[in-house]
file my_file-v9.json (JSON, C-alpha atoms and all ligand atoms)
[["chain", "number", "residue", "atom", "x", "y", "z"],
["A", 1, "MET", "CA", -2.92, -2.60, 16.87],
["A", 2, "SER", "CA", -6.30, -0.92, 17.02],
["A", 3, "GLN", "CA", -6.95, 1.60, 19.72],
["A", 4, "HIS", "CA", -9.16, 4.62, 20.13],
["A", 5, "GLU", "CA", -7.85, 8.17, 19.92],
["A", 6, "PHE", "CA", -10.10, 11.04, 21.02],
["A", 7, "LEU", "CA", -11.16, 13.36, 18.18],
["A", 8, "CYS", "CA", -13.97, 15.54, 19.53],
["A", 9, "ARG", "CA", -17.14, 15.58, 21.55],
["A", 10, "SER", "CA", -20.16, 14.25, 19.65],
["A", 11, "GLU", "CA", -21.97, 17.58, 19.96],
["A", 12, "ASP", "CA", -19.08, 19.29, 18.17],
["A", 13, "LEU", "CA", -19.71, 17.21, 15.03],
["A", 14, "PRO", "CA", -23.23, 18.20, 13.95],
["A", 15, "GLU", "CA", -25.07, 16.65, 11.05],
["A", 16, "GLY", "CA", -23.84, 17.93, 7.69],
["A", 17, "GLU", "CA", -20.91, 20.03, 8.91],
["A", 18, "TYR", "CA", -17.33, 19.28, 7.93],
["A", 19, "HIS", "CA", -14.58, 19.68, 10.51],
["A", 20, "GLU", "CA", -10.85, 19.25, 10.55],
["A", 21, "LEU", "CA", -9.86, 16.98, 13.41],
["A", 22, "HIS", "CA", -6.60, 15.43, 14.37],
["A", 23, "TYR", "CA", -4.98, 12.93, 16.66],
["A", 24, "THR", "CA", -1.36, 12.23, 17.40],
["A", 25, "VAL", "CA", 0.64, 9.06, 16.87],
["A", 26, "ALA", "CA", 4.19, 8.94, 18.22],
["A", 27, "GLY", "CA", 4.15, 12.73, 18.51],
["A", 28, "ARG", "CA", 3.08, 13.29, 14.91],
["A", 29, "PRO", "CA", -0.36, 14.73, 14.07],
["A", 30, "ARG", "CA", -2.67, 13.00, 11.62],
["A", 31, "TYR", "CA", -5.31, 15.22, 10.11],
["A", 32, "LEU", "CA", -8.84, 14.15, 9.27],
["A", 33, "VAL", "CA", -11.93, 15.67, 7.75],
["A", 34, "ALA", "CA", -15.03, 14.48, 9.56],
["A", 35, "THR", "CA", -18.76, 14.91, 9.13],
["A", 36, "ARG", "CA", -21.99, 13.29, 10.26],
["A", 37, "VAL", "CA", -24.42, 11.61, 7.84],
["A", 38, "ASP", "CA", -27.79, 10.25, 9.00],
["A", 39, "GLY", "CA", -26.52, 10.46, 12.56],
["A", 40, "GLN", "CA", -23.30, 8.56, 11.93],
["A", 41, "ALA", "CA", -19.87, 10.14, 12.30],
["A", 42, "ARG", "CA", -17.60, 9.62, 9.29],
["A", 43, "ALA", "CA", -13.97, 10.59, 8.82],
["A", 44, "TRP", "CA", -11.30, 10.45, 6.13],
["A", 45, "TYR", "CA", -7.68, 11.44, 6.10],
["A", 46, "ASN", "CA", -7.46, 15.03, 4.94],
["A", 47, "ARG", "CA", -5.57, 14.26, 1.75],
["A", 48, "CYS", "CA", -7.12, 14.44, -1.69],
["A", 49, "PRO", "CA", -6.60, 11.35, -3.91],
["A", 50, "HIS", "CA", -6.00, 13.60, -6.93],
["A", 51, "ALA", "CA", -2.71, 15.24, -5.95],
["A", 52, "GLY", "CA", -2.41, 14.66, -2.23],
["A", 53, "GLN", "CA", -3.34, 18.16, -1.15],
["A", 54, "PRO", "CA", -5.35, 18.96, 1.99],
["A", 55, "LEU", "CA", -9.04, 19.32, 1.20],
["A", 56, "ASN", "CA", -9.57, 22.48, 3.23],
["A", 57, "HIS", "CA", -8.71, 26.04, 2.25],
["A", 58, "ALA", "CA", -8.04, 27.29, 5.80],
["A", 59, "PRO", "CA", -7.90, 25.65, 9.22],
["A", 60, "ASP", "CA", -11.23, 23.86, 9.76],
["A", 61, "GLN", "CA", -12.71, 25.55, 6.66],
["A", 62, "PHE", "CA", -14.05, 23.35, 3.84],
["A", 63, "LEU", "CA", -15.84, 24.21, 0.64],
["A", 64, "THR", "CA", -19.15, 22.51, -0.20],
["A", 65, "ASP", "CA", -21.52, 22.55, -3.14],
["A", 66, "GLU", "CA", -25.30, 23.06, -3.17],
["A", 67, "HIS", "CA", -25.77, 19.40, -2.15],
["A", 68, "ASN", "CA", -23.39, 19.78, 0.80],
["A", 69, "GLN", "CA", -20.78, 17.63, -0.93],
["A", 70, "LEU", "CA", -17.16, 18.30, -0.05],
["A", 71, "ILE", "CA", -15.08, 20.23, -2.60],
["A", 72, "CYS", "CA", -11.30, 19.96, -2.60],
["A", 73, "ALA", "CA", -9.88, 23.47, -2.35],
["A", 74, "ALA", "CA", -6.90, 22.64, -4.60],
["A", 75, "HIS", "CA", -8.50, 21.70, -7.93],
["A", 76, "GLY", "CA", -12.21, 21.28, -7.23],
["A", 77, "ALA", "CA", -12.77, 17.52, -6.91],
["A", 78, "VAL", "CA", -16.22, 16.90, -5.39],
["A", 79, "PHE", "CA", -16.74, 14.09, -2.85],
["A", 80, "GLU", "CA", -20.05, 12.72, -1.63],
["A", 81, "PRO", "CA", -20.19, 12.55, 2.17],
["A", 82, "ARG", "CA", -21.41, 8.98, 2.68],
["A", 83, "TYR", "CA", -18.45, 7.03, 1.26],
["A", 84, "GLY", "CA", -16.03, 9.81, 0.28],
["A", 85, "ARG", "CA", -16.23, 8.93, -3.41],
["A", 86, "CYS", "CA", -15.27, 11.55, -6.02],
["A", 87, "VAL", "CA", -18.33, 12.39, -8.10],
["A", 88, "ALA", "CA", -16.92, 15.29, -10.16],
["A", 89, "GLY", "CA", -13.59, 16.88, -10.96],
["A", 90, "PRO", "CA", -10.13, 15.57, -11.86],
["A", 91, "CYS", "CA", -10.19, 12.17, -10.08],
["A", 92, "PRO", "CA", -13.55, 10.54, -10.93],
["A", 93, "ARG", "CA", -14.50, 7.55, -8.73],
["A", 94, "ALA", "CA", -11.40, 7.95, -6.52],
["A", 95, "ILE", "CA", -12.19, 7.49, -2.85],
["A", 96, "LEU", "CA", -10.86, 9.37, 0.15],
["A", 97, "THR", "CA", -8.93, 7.17, 2.55],
["A", 98, "GLY", "CA", -11.29, 6.46, 5.39],
["A", 99, "CYS", "CA", -10.49, 6.48, 9.08],
["A", 100, "PRO", "CA", -12.82, 4.29, 11.14],
["A", 101, "VAL", "CA", -14.49, 6.17, 13.95],
["A", 102, "VAL", "CA", -16.52, 5.09, 16.95],
["A", 103, "GLU", "CA", -18.70, 7.05, 19.33],
["A", 104, "GLU", "CA", -18.79, 6.24, 23.00],
["A", 105, "ASN", "CA", -20.09, 8.24, 25.93],
["A", 106, "GLY", "CA", -20.66, 11.39, 23.89],
["A", 107, "SER", "CA", -17.26, 11.46, 22.24],
["A", 108, "VAL", "CA", -15.91, 10.57, 18.80],
["A", 109, "PHE", "CA", -12.73, 8.51, 18.54],
["A", 110, "ALA", "CA", -10.50, 7.45, 15.68],
["A", 111, "ALA", "CA", -10.28, 3.67, 15.68],
["A", 112, "ASP", "CA", -7.71, 3.06, 12.94],
["A", 113, "ASP", "CA", -4.75, 0.72, 13.16],
["A", 114, "PHE", "CA", -2.14, 3.10, 14.50],
["B", 201, "LIG", "S1", -5.60, 17.84, -5.00],
["B", 201, "LIG", "FE1", -7.76, 17.77, -4.74],
["B", 201, "LIG", "S2", -8.58, 18.11, -6.69],
["B", 201, "LIG", "FE2", -6.41, 18.19, -6.98]]

call {"tool": "encode", "arguments": {"input": "my_file-v9.json", "output": "structure tokens", "more": "lines below"}}
Ligand code: FES
result
Amino acid sequence: MSQHEFLCRSEDLPEGEYHELHYTVAGRPRYLVATRVDGQARAWYNRCPHAGQPLNHAPDQFLTDEHNQLICAAHGAVFEPRYGRCVAGPCPRAILTGCPVVEENGSVFAADDF
């Protein structure tokens, strides 16, 4: 069943920044990495398709390259921020697992099937 789970206020997800967000299902947290591209919020589950590691190197801290693409902290896979596709590193063309998001009334919500 699809429902909306609050992630953050819209102003806390500025264009081009990456943030670790989470929501809870049945008492268990699910972690996301989220950004904003051309004004649209985007989010993926914070799990690299190469070896399943979290993408960040510290809480809410993500590495990026000179094009502001996301770099996995484990082995350096590089993901473009529009579709989450790997463009360099050990898992070429792999795609991060997306989490649909919606924005309503100045807030960002996860809208996955929970
Ligand atoms: S787990 Fe991300 S590059 Fe290996």

call {"tool": "residues_near_ligand", "arguments": {"input": "my_file-v9.json", "ligand": "ligand LIG 201 (chain B)", "cutoff": "8 Å", "atoms": "all atoms listed in the file", "output": "VMD selection string"}}
result
chain A and resid 47 to 55 71 to 78 89 to 91

call {"tool": "residues_around", "arguments": {"input": "my_file-v9.json", "residues": "Pro59 (chain A)", "least_positions_apart": "4", "cutoff": "12 Å", "atoms": "only C-alpha atoms", "output": "ChimeraX atom specification"}}
result
/A:18-22,31-33,46,54-55,63,73

call {"tool": "closest_residue", "arguments": {"input": "my_file-v9.json", "among": "A:Val87, A:Leu96, A:Ala43, A:Ala34", "to": "Asp112 (chain A)", "atoms": "all atoms listed in the file"}}
result
A:Ala43

call {"tool": "closest_residue", "arguments": {"input": "my_file-v9.json", "among": "A:Thr24, A:Gln69, A:Thr35, A:Gln61", "to": "Val101 (chain A)", "atoms": "only C-alpha atoms"}}
result
A:Thr35

call {"tool": "residues_around", "arguments": {"input": "my_file-v9.json", "residues": "Asp12 (chain A)", "least_positions_apart": "6", "cutoff": "10 Å", "atoms": "only C-alpha atoms", "output": "list of chain:residue names"}}
result
A:His19, A:Gly106, A:Ser107, A:Val108

call {"tool": "axis_aligned_box", "arguments": {"input": "my_file-v9.json", "around": "region 61-65 of chain A", "padding_each_side": "4 Å", "output": "JSON"}}
result
{"center_x": -17.1, "center_y": 24.0, "center_z": 1.8, "size_x": 16.8, "size_y": 11.0, "size_z": 17.8}

call {"tool": "atom_distance", "arguments": {"input": "my_file-v9.json", "atom1": "CA of Ala110 (chain A)", "atom2": "CA of Asn68 (chain A)"}}
result
23.2 Å

call {"tool": "atom_distance", "arguments": {"input": "my_file-v9.json", "atom1": "CA of Thr97 (chain A)", "atom2": "CA of Tyr45 (chain A)"}}
result
5.7 Å

call {"tool": "atom_distance", "arguments": {"input": "my_file-v9.json", "atom1": "CA of Asn56 (chain A)", "atom2": "CA of Glu104 (chain A)"}}
result
27.2 Å

call {"tool": "closest_residue", "arguments": {"input": "my_file-v9.json", "among": "A:Ala41, A:Pro29, A:Asp65, A:Arg36", "to": "Phe109 (chain A)", "atoms": "all atoms listed in the file"}}
result
A:Ala41
